[in-house]
file structure-v3.cif (mmCIF, C-alpha atoms)
data_structure
#
loop_
_atom_site.label_atom_id
_atom_site.label_comp_id
_atom_site.auth_asym_id
_atom_site.auth_seq_id
_atom_site.Cartn_x
_atom_site.Cartn_y
_atom_site.Cartn_z
CA MET A 1 17.07 -33.42 56.22
CA ALA A 2 20.62 -33.20 55.00
CA GLU A 3 23.00 -30.58 56.35
CA ILE A 4 23.16 -28.27 53.32
CA THR A 5 19.42 -27.91 52.88
CA LYS A 6 18.91 -27.55 56.60
CA LEU A 7 21.31 -24.63 56.48
CA ILE A 8 19.53 -23.02 53.54
CA HIS A 9 16.16 -23.32 55.27
CA LYS A 10 17.63 -21.45 58.24
CA TYR A 11 18.02 -18.36 56.04
CA LEU A 12 14.79 -18.52 54.02
CA ARG A 13 11.66 -16.51 54.75
CA HIS A 14 9.11 -19.27 54.88
CA ASP A 15 6.17 -16.87 54.98
CA LYS A 16 6.93 -15.94 51.35
CA LYS A 17 5.52 -17.94 48.49
CA PHE A 18 7.53 -21.07 47.71
CA PRO A 19 8.55 -22.54 45.31
CA HIS A 20 10.13 -19.28 44.19
CA VAL A 21 9.19 -17.21 41.13
CA TRP A 22 12.06 -18.18 38.79
CA CYS A 23 11.59 -20.52 35.84
CA PRO A 24 12.25 -24.26 36.27
CA GLY A 25 16.02 -24.77 36.14
CA CYS A 26 16.97 -21.08 36.49
CA GLY A 27 20.54 -20.50 37.61
CA ILE A 28 19.57 -17.77 40.09
CA GLY A 29 18.28 -20.46 42.46
CA ILE A 30 21.62 -22.28 42.31
CA MET A 31 23.45 -19.01 42.91
CA LEU A 32 21.17 -18.24 45.88
CA GLY A 33 22.14 -21.58 47.43
CA ALA A 34 25.84 -20.79 46.96
CA LEU A 35 25.36 -17.31 48.45
CA ILE A 36 23.66 -18.68 51.57
CA ARG A 37 26.32 -21.35 52.08
CA ALA A 38 29.08 -18.74 51.71
CA ILE A 39 27.45 -16.31 54.16
CA ASP A 40 26.99 -19.10 56.69
CA SER A 41 30.56 -20.37 56.46
CA SER A 42 31.92 -16.80 56.71
CA GLY A 43 30.29 -16.58 60.13
CA TYR A 44 28.24 -13.42 59.69
CA ASP A 45 25.18 -12.78 61.80
CA LYS A 46 21.87 -12.43 59.93
CA ASP A 47 21.47 -8.85 61.18
CA ASP A 48 24.93 -7.77 59.98
CA ILE A 49 24.17 -8.51 56.34
CA VAL A 50 22.38 -6.09 54.02
CA LEU A 51 21.28 -7.52 50.69
CA VAL A 52 20.48 -4.88 48.06
CA SER A 53 19.02 -5.58 44.64
CA GLY A 54 17.63 -3.67 41.68
CA ILE A 55 15.03 -4.73 39.14
CA GLY A 56 14.82 -7.85 37.04
CA CYS A 57 14.83 -11.57 37.70
CA THR A 58 17.75 -11.19 40.08
CA GLY A 59 15.97 -8.31 41.81
CA ARG A 60 13.52 -10.82 43.26
CA LEU A 61 16.25 -12.55 45.25
CA PRO A 62 16.24 -10.55 48.52
CA VAL A 63 12.54 -11.25 48.97
CA TYR A 64 13.25 -14.86 49.87
CA VAL A 65 16.09 -14.50 52.37
CA ASP A 66 15.99 -13.40 55.97
CA PHE A 67 18.64 -10.63 56.08
CA ASN A 68 18.24 -6.86 56.05
CA THR A 69 17.03 -6.49 52.48
CA LEU A 70 16.38 -3.65 50.09
CA HIS A 71 14.67 -3.86 46.71
CA THR A 72 15.50 -0.67 44.83
CA THR A 73 14.88 0.96 41.45
CA HIS A 74 16.36 -0.23 38.18
CA GLY A 75 20.13 0.09 38.01
CA ARG A 76 20.42 2.01 41.26
CA ALA A 77 21.22 -0.86 43.62
CA LEU A 78 24.86 0.24 43.93
CA THR A 79 23.94 3.83 44.80
CA PHE A 80 21.62 2.74 47.61
CA ALA A 81 24.30 0.33 48.81
CA THR A 82 26.91 3.10 48.82
CA GLY A 83 24.63 5.16 51.06
CA ILE A 84 24.13 2.29 53.48
CA LYS A 85 27.84 1.54 53.67
CA LEU A 86 28.82 5.15 54.34
CA ALA A 87 26.10 5.62 56.97
CA LYS A 88 26.79 2.33 58.77
CA PRO A 89 30.27 1.04 57.86
CA ARG A 90 30.03 -1.94 60.25
CA LEU A 91 27.39 -3.63 58.07
CA LYS A 92 28.35 -6.11 55.37
CA VAL A 93 26.62 -4.86 52.23
CA ILE A 94 26.07 -7.32 49.38
CA VAL A 95 24.60 -6.09 46.10
CA VAL A 96 22.93 -8.59 43.80
CA MET A 97 22.37 -7.42 40.24
CA GLY A 98 21.58 -8.79 36.83
CA ASP A 99 23.49 -7.89 33.69
CA GLY A 100 20.93 -5.26 32.70
CA ASP A 101 20.95 -3.77 36.15
CA ALA A 102 24.71 -3.62 36.57
CA ILE A 103 26.13 -2.68 33.19
CA ALA A 104 23.23 -1.26 31.18
CA ILE A 105 21.14 1.19 33.15
CA GLY A 106 23.48 1.15 36.14
CA GLY A 107 26.68 0.98 34.12
CA ASN A 108 27.91 4.36 35.21
CA HIS A 109 27.33 3.57 38.88
CA PHE A 110 29.15 0.30 38.44
CA ILE A 111 32.38 1.67 36.98
CA HIS A 112 32.47 4.54 39.46
CA ALA A 113 31.82 2.33 42.48
CA ALA A 114 34.74 0.20 41.28
CA ARG A 115 36.90 3.28 40.75
CA ARG A 116 36.15 4.66 44.23
CA ASN A 117 36.76 1.22 45.74
CA ILE A 118 33.88 1.27 48.22
CA ASP A 119 33.77 -1.79 50.49
CA LEU A 120 30.84 -3.55 48.79
CA THR A 121 30.45 -7.05 47.44
CA SER A 122 28.65 -6.96 44.13
CA ILE A 123 27.37 -10.15 42.58
CA ILE A 124 26.34 -9.90 38.94
CA VAL A 125 24.27 -12.68 37.47
CA ASN A 126 24.93 -12.61 33.74
CA ASN A 127 22.28 -14.47 31.75
CA SER A 128 22.99 -12.52 28.53
CA VAL A 129 19.46 -11.14 28.14
CA TYR A 130 16.67 -9.12 29.77
CA GLY A 131 14.74 -12.18 30.91
CA MET A 132 11.87 -10.76 32.95
CA THR A 133 10.71 -8.13 30.45
CA GLY A 134 10.51 -10.48 27.47
CA GLY A 135 13.99 -11.34 26.22
CA GLN A 136 15.29 -8.07 24.77
CA TYR A 137 19.03 -7.86 24.10
CA SER A 138 21.23 -6.41 26.81
CA PRO A 139 24.84 -5.14 26.72
CA ALA A 140 25.89 -8.66 27.73
CA THR A 141 24.28 -10.37 24.73
CA PRO A 142 27.08 -11.78 22.56
CA TYR A 143 27.51 -10.73 18.93
CA GLY A 144 25.39 -12.62 16.43
CA MET A 145 22.83 -14.01 18.87
CA LYS A 146 19.06 -13.77 18.46
CA THR A 147 16.82 -12.03 20.97
CA THR A 148 13.27 -10.68 20.69
CA THR A 149 14.63 -7.23 19.75
CA SER A 150 17.33 -8.56 17.43
CA MET A 151 15.43 -11.22 15.52
CA TYR A 152 17.97 -11.41 12.67
CA SER A 153 21.12 -11.15 14.73
CA ASN A 154 22.63 -8.94 17.40
CA VAL A 155 25.03 -6.56 15.67
CA GLU A 156 26.47 -5.11 18.90
CA HIS A 157 29.39 -6.54 20.80
CA ASP A 158 29.02 -7.58 24.41
CA PHE A 159 30.64 -6.22 27.56
CA LYS A 160 32.96 -8.63 29.34
CA ILE A 161 31.79 -7.77 32.85
CA ALA A 162 34.66 -9.18 34.90
CA GLU A 163 37.31 -7.65 32.64
CA LEU A 164 35.44 -4.33 32.77
CA ALA A 165 35.60 -4.43 36.59
CA VAL A 166 39.34 -5.17 36.47
CA THR A 167 39.95 -2.13 34.29
CA ALA A 168 37.63 0.07 36.36
CA GLY A 169 39.78 -0.63 39.42
CA ALA A 170 37.94 -3.14 41.62
CA ALA A 171 40.01 -4.73 44.41
CA PHE A 172 38.73 -8.26 43.81
CA VAL A 173 37.24 -9.72 40.64
CA GLY A 174 36.14 -13.30 40.15
CA ARG A 175 34.05 -15.18 37.65
CA GLY A 176 32.16 -18.42 38.06
CA THR A 177 29.28 -20.28 36.48
CA VAL A 178 26.22 -21.88 38.02
CA TYR A 179 27.49 -25.22 36.72
CA HIS A 180 30.59 -24.81 38.94
CA ALA A 181 28.48 -24.20 42.04
CA LYS A 182 31.21 -25.02 44.56
CA LEU A 183 33.59 -22.55 42.92
CA LEU A 184 30.92 -19.90 43.49
CA ASP A 185 30.93 -20.70 47.22
CA SER A 186 34.66 -20.04 47.47
CA LEU A 187 34.55 -16.92 45.25
CA PHE A 188 31.78 -15.39 47.37
CA GLU A 189 33.70 -16.13 50.57
CA LYS A 190 36.86 -14.50 49.23
CA ALA A 191 34.85 -11.50 48.04
CA PHE A 192 33.22 -11.03 51.47
CA HIS A 193 36.58 -11.00 53.24
CA LYS A 194 38.10 -8.51 50.84
CA ALA A 195 38.23 -4.90 52.00
CA GLY A 196 37.27 -2.83 48.98
CA PHE A 197 35.04 -3.22 45.97
CA SER A 198 34.72 -6.87 45.03
CA VAL A 199 32.92 -8.22 42.00
CA VAL A 200 31.83 -11.77 41.26
CA GLU A 201 30.36 -12.37 37.83
CA VAL A 202 28.14 -15.43 37.75
CA ILE A 203 27.57 -16.83 34.26
CA SER A 204 24.00 -18.12 34.27
CA HIS A 205 21.50 -19.14 31.62
CA CYS A 206 18.10 -17.99 30.44
CA HIS A 207 16.73 -21.01 28.63
CA THR A 208 13.22 -19.55 28.55
CA GLN A 209 14.07 -16.49 26.46
CA TYR A 210 17.63 -16.64 25.18
CA GLY A 211 18.06 -20.40 24.95
CA ARG A 212 14.82 -20.99 23.07
CA LEU A 213 15.48 -18.36 20.39
CA ASN A 214 19.06 -19.50 19.83
CA ARG A 215 18.20 -23.21 19.94
CA MET A 216 20.51 -23.82 22.86
CA GLY A 217 18.12 -26.27 24.49
CA SER A 218 16.96 -26.72 28.05
CA ALA A 219 18.57 -25.57 31.31
CA VAL A 220 20.58 -28.79 31.41
CA GLU A 221 21.99 -28.28 27.91
CA MET A 222 22.88 -24.66 28.67
CA MET A 223 24.70 -25.76 31.83
CA GLU A 224 26.60 -28.30 29.73
CA TRP A 225 27.54 -25.42 27.43
CA GLN A 226 28.95 -23.57 30.47
CA ARG A 227 30.92 -26.67 31.45
CA ASP A 228 32.41 -27.01 27.95
CA HIS A 229 33.29 -23.34 27.48
CA ALA A 230 34.70 -22.43 30.90
CA VAL A 231 38.47 -22.46 31.35
CA THR A 232 40.21 -21.94 34.67
CA VAL A 233 42.68 -19.08 35.07
CA GLU A 234 45.63 -21.47 35.44
CA LYS A 235 44.72 -23.38 32.28
CA ALA A 236 44.04 -20.20 30.30
CA ARG A 237 47.61 -19.01 30.88
CA GLN A 238 48.94 -22.00 28.96
CA MET A 239 46.48 -21.64 26.08
CA LYS A 240 46.93 -19.60 22.92
CA SER A 241 44.65 -16.66 22.19
CA ASP A 242 42.96 -18.38 19.23
CA GLU A 243 42.15 -21.38 21.44
CA LEU A 244 40.48 -19.04 23.92
CA GLN A 245 38.32 -17.37 21.27
CA ASP A 246 34.99 -18.97 22.21
CA LYS A 247 35.90 -19.70 25.83
CA PHE A 248 35.62 -17.66 29.02
CA VAL A 249 37.93 -17.66 32.02
CA ILE A 250 36.68 -18.64 35.49
CA GLY A 251 38.34 -18.24 38.88
CA VAL A 252 39.97 -15.28 40.63
CA LEU A 253 40.94 -12.75 37.96
CA VAL A 254 42.27 -10.01 40.26
CA ASP A 255 43.01 -9.79 43.97
CA ARG A 256 44.87 -6.61 44.89
CA GLU A 257 45.38 -4.44 47.96
CA LEU A 258 43.84 -1.01 47.60
CA PRO A 259 42.74 1.33 50.42
CA PRO A 260 38.92 1.26 50.69
CA TYR A 261 36.93 4.48 50.29
CA GLU A 262 35.57 4.50 53.89
CA GLU A 263 39.07 4.49 55.38
CA GLU A 264 40.17 7.32 53.12
CA TYR A 265 37.04 9.31 53.85
CA GLU A 266 37.53 8.83 57.61
CA LYS A 267 40.93 10.52 57.19
CA VAL A 268 39.27 13.49 55.51
CA ARG A 269 36.80 13.80 58.38
CA LYS A 270 39.65 13.82 60.88
CA TRP A 271 41.51 16.51 58.91
CA ALA A 272 38.38 18.63 58.75
CA LYS A 273 37.79 18.29 62.48
CA GLY A 274 41.40 19.22 63.15
CA VAL A 275 42.18 15.92 64.96
CA ASP A 276 44.86 15.04 62.45
CA LYS A 277 46.87 17.42 60.33
CA LYS A 278 47.31 16.99 56.62
CA MET B 1 38.54 -52.55 51.59
CA ALA B 2 37.75 -48.86 51.42
CA ASP B 3 35.50 -49.50 48.44
CA LYS B 4 33.56 -52.09 50.35
CA GLU B 5 32.98 -49.74 53.25
CA LYS B 6 31.87 -47.03 50.87
CA LYS B 7 29.37 -49.34 49.24
CA LYS B 8 27.99 -50.45 52.58
CA LYS B 9 26.88 -46.93 53.47
CA ILE B 10 23.41 -46.56 52.06
CA SER B 11 22.27 -43.05 51.16
CA GLN B 12 18.90 -41.58 51.76
CA ILE B 13 17.47 -39.28 49.07
CA ASP B 14 14.42 -37.15 49.80
CA ILE B 15 12.56 -35.23 47.09
CA TYR B 16 10.07 -32.49 48.04
CA LYS B 17 7.61 -32.56 45.19
CA ALA B 18 5.84 -29.44 46.47
CA TRP B 19 8.92 -27.33 45.69
CA CYS B 20 10.24 -29.29 42.68
CA LYS B 21 9.67 -27.76 39.21
CA ALA B 22 10.89 -30.79 37.23
CA CYS B 23 13.80 -29.00 35.54
CA GLY B 24 15.84 -32.21 35.31
CA ILE B 25 19.16 -30.78 36.53
CA CYS B 26 19.58 -33.31 39.36
CA VAL B 27 18.89 -36.22 37.00
CA ALA B 28 21.18 -34.97 34.22
CA PHE B 29 24.21 -34.22 36.41
CA CYS B 30 24.09 -37.25 38.71
CA PRO B 31 27.45 -38.95 38.04
CA MET B 32 26.14 -42.44 38.86
CA GLY B 33 22.70 -42.35 37.22
CA VAL B 34 20.85 -42.87 40.48
CA LEU B 35 17.85 -40.75 39.57
CA GLY B 36 15.28 -41.17 36.83
CA ARG B 37 12.40 -39.02 35.53
CA ASP B 38 8.74 -40.01 35.64
CA GLU B 39 6.06 -39.08 33.02
CA GLY B 40 5.70 -35.61 34.52
CA GLY B 41 9.46 -35.04 34.38
CA TYR B 42 9.81 -35.21 38.16
CA PRO B 43 12.82 -37.07 39.55
CA TYR B 44 12.52 -40.37 41.38
CA VAL B 45 15.11 -42.63 42.94
CA LYS B 46 15.82 -45.33 40.36
CA SER B 47 18.73 -47.23 41.87
CA LEU B 48 19.66 -46.12 45.36
CA GLU B 49 22.48 -48.65 45.76
CA LYS B 50 24.56 -46.80 43.14
CA CYS B 51 24.54 -43.51 45.13
CA ILE B 52 28.00 -42.41 46.32
CA ASN B 53 26.62 -39.56 48.42
CA CYS B 54 28.48 -36.83 46.50
CA GLY B 55 25.71 -34.31 47.09
CA TRP B 56 25.82 -32.62 43.69
CA CYS B 57 22.06 -33.02 43.15
CA GLU B 58 21.47 -31.08 46.34
CA ILE B 59 24.04 -28.36 45.53
CA ARG B 60 22.78 -27.80 41.97
CA CYS B 61 19.05 -27.91 42.76
CA PRO B 62 17.72 -24.37 42.11
CA ASP B 63 14.61 -25.00 44.23
CA PHE B 64 16.16 -26.67 47.31
CA ALA B 65 13.87 -29.62 46.64
CA ILE B 66 16.25 -32.59 46.93
CA THR B 67 18.44 -33.76 49.80
CA VAL B 68 20.90 -36.62 50.06
CA HIS B 69 22.72 -37.93 53.10
CA ALA B 70 24.26 -41.12 54.37
CA LYS B 71 21.76 -43.22 56.21
CA LYS B 72 22.83 -44.10 59.70
CA GLY B 73 23.29 -47.73 60.64
CA GLU B 74 21.58 -49.24 63.68
CA ILE B 75 24.73 -49.22 65.78
CA GLU B 76 25.32 -45.52 65.14
CA GLU B 77 21.77 -44.68 66.14
CA ILE B 78 22.10 -46.58 69.43
CA ARG B 79 25.42 -44.87 70.14
CA GLU B 80 23.96 -41.44 69.46
CA SER B 81 20.98 -41.95 71.74
CA PHE B 82 23.33 -43.27 74.46
CA GLU B 83 25.56 -40.18 74.13
CA LYS B 84 22.55 -37.93 74.30
CA GLU B 85 21.36 -39.60 77.51
CA GLU B 86 24.80 -39.26 79.03
CA GLU B 87 24.89 -35.60 78.16
CA GLU B 88 21.51 -34.98 79.72
CA ARG B 89 22.56 -36.82 82.87
CA THR B 90 25.77 -34.83 83.28
CA THR B 91 24.10 -31.47 82.71
CA ALA B 92 21.00 -32.12 84.83
CA PRO B 93 19.57 -28.96 86.38
CA GLY B 94 19.51 -28.36 90.14
CA GLU B 95 22.94 -29.80 90.92
#

call {"tool": "encode", "arguments": {"input": "structure-v3.cif", "output": "structure tokens"}}
result
Amino acid sequence: MAEITKLIHKYLRHDKKFPHVWCPGCGIGIMLGALIRAIDSSGYDKDDIVLVSGIGCTGRLPVYVDFNTLHTTHGRALTFATGIKLAKPRLKVIVVMGDGDAIAIGGNHFIHAARRNIDLTSIIVNNSVYGMTGGQYSPATPYGMKTTTSMYSNVEHDFKIAELAVTAGAAFVGRGTVYHAKLLDSLFEKAFHKAGFSVVEVISHCHTQYGRLNRMGSAVEMMEWQRDHAVTVEKARQMKSDELQDKFVIGVLVDRELPPYEEEYEKVRKWAKGVDKK
Amino acid sequence: MADKEKKKKISQIDIYKAWCKACGICVAFCPMGVLGRDEGGYPYVKSLEKCINCGWCEIRCPDFAITVHAKKGEIEEIRESFEKEEEERTTAPGE
């Protein structure tokens, strides 16, 4: 067995049902591979990682991996993760969410976790649609696209998740696609090492629901679409705004030094105890 | 010269059909066209000699169902077993 797959098998729970539940060609599987490779190369112990997820296709992810895992209610993954981090700050808490989980029902939690700058790594798999429940439109569905609840056309405009995180005040924001799987490895690694709230948006595809209705083809064709529409940060700087109209930027969008919430809160505890004086 | 050496290294590709869902990603994104699809859509190794051992099929497989690695030559295998024996000899218990 080759090295990469050997490594992935080290972190899988083989007593769970394999092959996994996702559709043939789903990007979440590719992202799971990248996540495992990044955790391994960062040198964390299995017991030091907590993987938290909400509901949806992405919510199934912690079931398959052998870390401390938590499968929570819809949209509340970040709140549970905040509790874990504040109770046990030595743990590395990674939150895996879908677009519905992170910016629809958990949208408020997301912007406020970013604003507080809690030391969490949140990974958001954006497949533009509510895949598991039948392909309804989500806040990440682009304007003019068909879904099962917008059969004529979606008249709402979509959230740009990474840009939203930048504005909300996250310390690290990156964006990758499942086509650029090796870029995901490096983005995840950088996000793990960052003290503070770090966000990695993973552009994925839902060819079963979204792709079929919009005639975007199979998983392969949707990954080719990602390849053709992704522009790196360096290249985007040299391009004009009208050239970037139907493109999205991948790479590290923001990497800034901000004091994490736990450190600040520790100060408050010391003031309250009278150890330090304000 | 370097090209010749590269070509000499034969890869080994393993496909676990039990985990494969026949999505076709490995076949579509192979830069050298090594893999083909059978009637069921499952991948099979069409022309192994073209493989450059880049590993993209393994990285992009959502189901962890394909592996690729350079096959070891006979000399390398002998050397490895020799090194292993040496190691066992030098770290023998009870000394």

call {"tool": "interface_residues", "arguments": {"input": "structure-v3.cif", "of": "chain A", "to": "chain B", "cutoff": "7 Å", "atoms": "all atoms listed in the file", "output": "list in words"}}
result
Met1, Ala2, Thr5, Phe18, Pro19, Pro24, Gly25, Cys26, Gly27, Gly29, Ile30, Ala181 and Val220 of chain A

call {"tool": "closest_residue", "arguments": {"input": "structure-v3.cif", "among": "A:Leu35, A:Leu61, A:Ala219, A:Val178", "to": "Arg13 of chain A", "atoms": "all atoms listed in the file"}}
result
A:Leu61

call {"tool": "atom_distance", "arguments": {"input": "structure-v3.cif", "atom1": "atom CA of Tyr130 of chain A", "atom2": "atom CA of Lys160 of chain A"}}
result
16.3 Å

call {"tool": "resolve_selection", "arguments": {"input": "structure-v3.cif", "expression": "the PyMOL selection byres ((chain A and resi 251) around 10)", "output": "ChimeraX atom specification"}}
result
/A:173-177,183-184,186-187,200-201,230-234,249-250,252-254

call {"tool": "write_last_selection", "arguments": {"input": "structure-v3.cif", "atoms": "C-alpha atoms", "output": "mmCIF file, keeping the file's coordinate frame"}}
result
data_model
loop_
_atom_site.group_PDB
_atom_site.id
_atom_site.type_symbol
_atom_site.label_atom_id
_atom_site.label_comp_id
_atom_site.auth_asym_id
_atom_site.auth_seq_id
_atom_site.Cartn_x
_atom_site.Cartn_y
_atom_site.Cartn_z
ATOM 1 C CA VAL A 173 37.240 -9.720 40.640
ATOM 2 C CA GLY A 174 36.140 -13.300 40.150
ATOM 3 C CA ARG A 175 34.050 -15.180 37.650
ATOM 4 C CA GLY A 176 32.160 -18.420 38.060
ATOM 5 C CA THR A 177 29.280 -20.280 36.480
ATOM 6 C CA LEU A 183 33.590 -22.550 42.920
ATOM 7 C CA LEU A 184 30.920 -19.900 43.490
ATOM 8 C CA SER A 186 34.660 -20.040 47.470
ATOM 9 C CA LEU A 187 34.550 -16.920 45.250
ATOM 10 C CA VAL A 200 31.830 -11.770 41.260
ATOM 11 C CA GLU A 201 30.360 -12.370 37.830
ATOM 12 C CA ALA A 230 34.700 -22.430 30.900
ATOM 13 C CA VAL A 231 38.470 -22.460 31.350
ATOM 14 C CA THR A 232 40.210 -21.940 34.670
ATOM 15 C CA VAL A 233 42.680 -19.080 35.070
ATOM 16 C CA GLU A 234 45.630 -21.470 35.440
ATOM 17 C CA VAL A 249 37.930 -17.660 32.020
ATOM 18 C CA ILE A 250 36.680 -18.640 35.490
ATOM 19 C CA VAL A 252 39.970 -15.280 40.630
ATOM 20 C CA LEU A 253 40.940 -12.750 37.960
ATOM 21 C CA VAL A 254 42.270 -10.010 40.260
#

call {"tool": "residues_around", "arguments": {"input": "structure-v3.cif", "residues": "Ser11 of chain B", "least_positions_apart": "4", "cutoff": "10 Å", "atoms": "all atoms listed in the file", "output": "PDB file with C-alpha atoms, in the coordinates of the input"}}
result
ATOM      1  CA  LYS B   7      29.370 -49.340  49.240  1.00  0.00           C
ATOM      2  CA  LEU B  48      19.660 -46.120  45.360  1.00  0.00           C
ATOM      3  CA  GLU B  49      22.480 -48.650  45.760  1.00  0.00           C
ATOM      4  CA  LYS B  50      24.560 -46.800  43.140  1.00  0.00           C
ATOM      5  CA  CYS B  51      24.540 -43.510  45.130  1.00  0.00           C
ATOM      6  CA  ILE B  52      28.000 -42.410  46.320  1.00  0.00           C
ATOM      7  CA  ASN B  53      26.620 -39.560  48.420  1.00  0.00           C
ATOM      8  CA  CYS B  54      28.480 -36.830  46.500  1.00  0.00           C
ATOM      9  CA  VAL B  68      20.900 -36.620  50.060  1.00  0.00           C
ATOM     10  CA  HIS B  69      22.720 -37.930  53.100  1.00  0.00           C
ATOM     11  CA  ALA B  70      24.260 -41.120  54.370  1.00  0.00           C
ATOM     12  CA  LYS B  71      21.760 -43.220  56.210  1.00  0.00           C
ATOM     13  CA  LYS B  72      22.830 -44.100  59.700  1.00  0.00           C
TER      14      LYS B  72
END

call {"tool": "atom_distance", "arguments": {"input": "structure-v3.cif", "atom1": "atom CA of Lys92 of chain A", "atom2": "atom CA of Gly107 of chain A"}}
result
22.5 Å

call {"tool": "resolve_selection", "arguments": {"input": "structure-v3.cif", "expression": "the PyMOL selection byres ((chain A and resi 106) around 10)", "output": "ChimeraX atom specification"}}
result
/A:54,74-79,97,99-105,107-111

call {"tool": "atom_distance", "arguments": {"input": "structure-v3.cif", "atom1": "atom CA of Asn126 of chain A", "atom2": "atom CA of His205 of chain A"}}
result
7.7 Å

call {"tool": "residues_around", "arguments": {"input": "structure-v3.cif", "residues": "Tyr44 of chain A", "least_positions_apart": "5", "cutoff": "12 Å", "atoms": "only C-alpha atoms", "output": "PDB file with C-alpha atoms, keeping the file's coordinate frame"}}
result
ATOM      1  CA  TYR A  11      18.020 -18.360  56.040  1.00  0.00           C
ATOM      2  CA  ILE A  36      23.660 -18.680  51.570  1.00  0.00           C
ATOM      3  CA  ARG A  37      26.320 -21.350  52.080  1.00  0.00           C
ATOM      4  CA  ALA A  38      29.080 -18.740  51.710  1.00  0.00           C
ATOM      5  CA  ILE A  39      27.450 -16.310  54.160  1.00  0.00           C
ATOM      6  CA  ILE A  49      24.170  -8.510  56.340  1.00  0.00           C
ATOM      7  CA  VAL A  50      22.380  -6.090  54.020  1.00  0.00           C
ATOM      8  CA  PHE A  67      18.640 -10.630  56.080  1.00  0.00           C
ATOM      9  CA  ARG A  90      30.030  -1.940  60.250  1.00  0.00           C
ATOM     10  CA  LEU A  91      27.390  -3.630  58.070  1.00  0.00           C
ATOM     11  CA  LYS A  92      28.350  -6.110  55.370  1.00  0.00           C
ATOM     12  CA  VAL A  93      26.620  -4.860  52.230  1.00  0.00           C
ATOM     13  CA  GLU A 189      33.700 -16.130  50.570  1.00  0.00           C
ATOM     14  CA  PHE A 192      33.220 -11.030  51.470  1.00  0.00           C
ATOM     15  CA  HIS A 193      36.580 -11.000  53.240  1.00  0.00           C
TER      16      HIS A 193
END

call {"tool": "closest_residue", "arguments": {"input": "structure-v3.cif", "among": "A:Gly83, A:Gly98, A:Gly274, A:Gly43", "to": "Arg60 of chain A", "atoms": "all atoms listed in the file"}}
result
A:Gly98

call {"tool": "closest_residue", "arguments": {"input": "structure-v3.cif", "among": "A:His229, A:His112, A:Arg269, A:His180", "to": "Ala165 of chain A", "atoms": "only C-alpha atoms"}}
result
A:His112

call {"tool": "residues_near_point", "arguments": {"input": "structure-v3.cif", "point": "(42.6, -6.9, 44.3)", "cutoff": "9 Å", "atoms": "only C-alpha atoms", "output": "PyMOL selection string"}}
result
chain A and resi 166+169-173+194+196-198+253-258

call {"tool": "residues_near_point", "arguments": {"input": "structure-v3.cif", "point": "(14.9, -14.8, 58.4)", "cutoff": "9 Å", "atoms": "only C-alpha atoms", "output": "CSV table (one decimal) with C-alpha atoms, keeping the file's coordinate frame"}}
result
chain,number,residue,atom,x,y,z
A,10,LYS,CA,17.6,-21.4,58.2
A,11,TYR,CA,18.0,-18.4,56.0
A,12,LEU,CA,14.8,-18.5,54.0
A,13,ARG,CA,11.7,-16.5,54.8
A,14,HIS,CA,9.1,-19.3,54.9
A,46,LYS,CA,21.9,-12.4,59.9
A,64,TYR,CA,13.2,-14.9,49.9
A,65,VAL,CA,16.1,-14.5,52.4
A,66,ASP,CA,16.0,-13.4,56.0
A,67,PHE,CA,18.6,-10.6,56.1
A,68,ASN,CA,18.2,-6.9,56.0

call {"tool": "closest_residue", "arguments": {"input": "structure-v3.cif", "among": "B:Pro31, B:Ser47, B:Glu86, B:Ser81", "to": "Ile10 of chain B", "atoms": "all atoms listed in the file"}}
result
B:Ser47
